[in-house]
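Novice: Data file coords17.pdb (PDB, C-alpha atoms) is appended below.
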ATOM      1  CA  MET A  18     200.582 262.365  79.196  1.00  0.00           C
ATOM      2  CA  ARG A  19     197.114 262.644  80.655  1.00  0.00           C
ATOM      3  CA  ARG A  20     197.393 266.439  81.000  1.00  0.00           C
ATOM      4  CA  ILE A  21     198.506 266.802  77.390  1.00  0.00           C
ATOM      5  CA  PHE A  22     195.583 264.781  76.036  1.00  0.00           C
ATOM      6  CA  HIS A  23     193.117 266.614  78.264  1.00  0.00           C
ATOM      7  CA  LYS A  24     194.443 269.987  77.083  1.00  0.00           C
ATOM      8  CA  LEU A  25     194.245 268.972  73.410  1.00  0.00           C
ATOM      9  CA  ARG A  26     190.773 267.502  73.793  1.00  0.00           C
ATOM     10  CA  SER A  27     189.358 270.510  75.628  1.00  0.00           C
ATOM     11  CA  ARG A  28     190.822 272.918  73.070  1.00  0.00           C
ATOM     12  CA  ALA A  29     189.351 270.948  70.146  1.00  0.00           C
ATOM     13  CA  ASN A  30     185.951 270.564  71.839  1.00  0.00           C
ATOM     14  CA  GLU A  31     185.703 274.239  72.726  1.00  0.00           C
ATOM     15  CA  ASN A  32     186.534 275.294  69.167  1.00  0.00           C
ATOM     16  CA  PHE A  33     183.931 272.918  67.729  1.00  0.00           C
ATOM     17  CA  ASN A  34     181.270 273.978  70.237  1.00  0.00           C
ATOM     18  CA  GLU A  35     181.810 277.647  69.473  1.00  0.00           C
ATOM     19  CA  HIS A  36     181.799 276.989  65.717  1.00  0.00           C
ATOM     20  CA  PHE A  37     178.608 274.931  65.957  1.00  0.00           C
ATOM     21  CA  LYS A  38     176.843 277.480  68.173  1.00  0.00           C
ATOM     22  CA  GLY A  39     177.806 280.246  65.767  1.00  0.00           C
ATOM     23  CA  ILE A  40     176.325 278.424  62.793  1.00  0.00           C
ATOM     24  CA  PHE A  41     173.058 277.394  64.450  1.00  0.00           C
ATOM     25  CA  ASP A  42     172.649 280.479  66.697  1.00  0.00           C
ATOM     26  CA  GLY A  43     173.145 278.334  69.776  1.00  0.00           C
ATOM     27  CA  HIS A  44     173.889 281.274  72.036  1.00  0.00           C
ATOM     28  CA  GLY A  45     170.212 282.083  72.352  1.00  0.00           C
ATOM     29  CA  GLN A  46     167.125 280.059  73.095  1.00  0.00           C
ATOM     30  CA  VAL A  47     166.168 277.106  70.949  1.00  0.00           C
ATOM     31  CA  PRO A  48     162.866 277.395  69.057  1.00  0.00           C
ATOM     32  CA  THR A  49     161.402 274.355  70.810  1.00  0.00           C
ATOM     33  CA  LYS A  50     159.682 273.596  74.091  1.00  0.00           C
ATOM     34  CA  GLY A  51     160.304 270.516  76.164  1.00  0.00           C
ATOM     35  CA  LEU A  52     163.243 268.174  76.539  1.00  0.00           C
ATOM     36  CA  LEU A  53     162.316 265.728  73.784  1.00  0.00           C
ATOM     37  CA  ALA A  54     161.690 268.447  71.193  1.00  0.00           C
ATOM     38  CA  THR A  55     164.963 270.163  72.110  1.00  0.00           C
ATOM     39  CA  GLN A  56     166.855 266.882  71.818  1.00  0.00           C
ATOM     40  CA  ARG A  57     165.344 266.322  68.379  1.00  0.00           C
ATOM     41  CA  PHE A  58     166.271 269.847  67.324  1.00  0.00           C
ATOM     42  CA  ALA A  59     169.882 269.368  68.453  1.00  0.00           C
ATOM     43  CA  LEU A  60     170.155 265.956  66.777  1.00  0.00           C
ATOM     44  CA  GLY A  61     168.678 267.368  63.569  1.00  0.00           C
ATOM     45  CA  ALA A  62     171.146 270.269  63.621  1.00  0.00           C
ATOM     46  CA  ILE A  63     174.067 267.866  64.006  1.00  0.00           C
ATOM     47  CA  PHE A  64     172.730 265.690  61.181  1.00  0.00           C
ATOM     48  CA  VAL A  65     172.341 268.660  58.827  1.00  0.00           C
ATOM     49  CA  TYR A  66     175.833 269.866  59.752  1.00  0.00           C
ATOM     50  CA  GLN A  67     177.306 266.449  58.928  1.00  0.00           C
ATOM     51  CA  LEU A  68     175.442 266.302  55.599  1.00  0.00           C
ATOM     52  CA  ALA A  69     176.694 269.765  54.678  1.00  0.00           C
ATOM     53  CA  LEU A  70     180.286 268.805  55.484  1.00  0.00           C
ATOM     54  CA  LEU A  71     179.964 265.597  53.449  1.00  0.00           C
ATOM     55  CA  TYR A  72     178.561 267.498  50.457  1.00  0.00           C
ATOM     56  CA  ARG A  73     181.318 270.114  50.604  1.00  0.00           C
ATOM     57  CA  PHE A  74     184.003 267.440  50.969  1.00  0.00           C
ATOM     58  CA  GLU A  75     182.721 265.419  48.009  1.00  0.00           C
ATOM     59  CA  HIS A  76     182.634 268.518  45.790  1.00  0.00           C
ATOM     60  CA  GLY A  77     186.132 269.653  46.797  1.00  0.00           C
ATOM     61  CA  LEU A  78     184.957 272.822  48.542  1.00  0.00           C
ATOM     62  CA  GLU A  79     186.524 274.316  51.660  1.00  0.00           C
ATOM     63  CA  LEU A  80     184.825 272.721  54.652  1.00  0.00           C
ATOM     64  CA  CYS A  81     184.359 275.700  56.946  1.00  0.00           C
ATOM     65  CA  VAL A  82     184.528 278.697  54.618  1.00  0.00           C
ATOM     66  CA  GLY A  83     180.998 279.881  53.869  1.00  0.00           C
ATOM     67  CA  LEU A  84     179.358 277.026  55.761  1.00  0.00           C
ATOM     68  CA  LYS A  85     176.853 279.238  57.583  1.00  0.00           C
ATOM     69  CA  ALA A  86     175.653 280.838  54.342  1.00  0.00           C
ATOM     70  CA  PHE A  87     175.518 277.402  52.708  1.00  0.00           C
ATOM     71  CA  LEU A  88     173.292 276.037  55.483  1.00  0.00           C
ATOM     72  CA  LYS A  89     170.999 279.074  55.452  1.00  0.00           C
ATOM     73  CA  ALA A  90     170.558 278.739  51.676  1.00  0.00           C
ATOM     74  CA  ALA A  91     169.581 275.082  52.043  1.00  0.00           C
TER      75      ALA A  91
END
Using C-alpha cells, write down the structure from this file.

Specialist:
Amino acid sequence: MRRIFHKLRSRANENFNEHFKGIFDGHGQVPTKGLLATQRFALGAIFVYQLALLYRFEHGLELCVGLKAFLKAA
C-alpha cells in the first residue's frame, strides 16, 4: 500500500511542479535576490495561481486551458 501511495503522490506532484514552472517560467532564474525576496516571490506566485483558479472555477471556465495567457493578461 505504501508503494502505491508514494507512486501516486510523486506522479501528481511532478505534474503540478512542471505545470507551475511552465506558467511562471520557473525553469530559469527568479527575478529576485536573496532568500527572503525569493520566498516572497514564490509565495506570491502561488497566491496568484490560486486566485486565478478560483476565478476560473467560479465563472465555469476550464481550469487549466489558457491559464498562462490569463495570468499574463492580469

Novice: In Å, with one decimal, what is the gap from CA of Ala90 in chain A to CA of Gly51 in chain A?

Specialist: 27.8 Å

Novice: What is the CA of Lys85 in chain A-CA of Ile40 in chain A distance in Å, reported with one decimal?

Specialist: 5.3 Å

Novice: So what do you get for CA of Leu70 in chain A versus CA of Gln46 in chain A, distance-wise?

Specialist: 24.7 Å

Novice: Nearest to Leu84 in chain A among A:Leu52, A:Gln67, A:Val47, A:Arg57, with distances taken over all atoms listed in the file: which residue is it?

Specialist: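 Answer, going by the shortest atom-to-atom distance: A:Gln67.
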
Novice: Find the residues near Val65 in chain A: any atom within 12 Å, counting only C-alpha atoms, skip ones fewer than 6 places away on the same chain, and give them as a PyMOL selection string.

Specialist: chain A and resi 37+40-41+58-59+71-72+84-85+87-89+91

Novice: Include C-alpha atoms and write out the residues we just selected as a compact mmCIF listing (two decimals), in the coordinates of the input.

Specialist:
# COMPACT_ATOMS: atom_id res chain seq x y z
CA PHE A 37 178.61 274.93 65.96
CA ILE A 40 176.32 278.42 62.79
CA PHE A 41 173.06 277.39 64.45
CA PHE A 58 166.27 269.85 67.32
CA ALA A 59 169.88 269.37 68.45
CA LEU A 71 179.96 265.60 53.45
CA TYR A 72 178.56 267.50 50.46
CA LEU A 84 179.36 277.03 55.76
CA LYS A 85 176.85 279.24 57.58
CA PHE A 87 175.52 277.40 52.71
CA LEU A 88 173.29 276.04 55.48
CA LYS A 89 171.00 279.07 55.45
CA ALA A 91 169.58 275.08 52.04
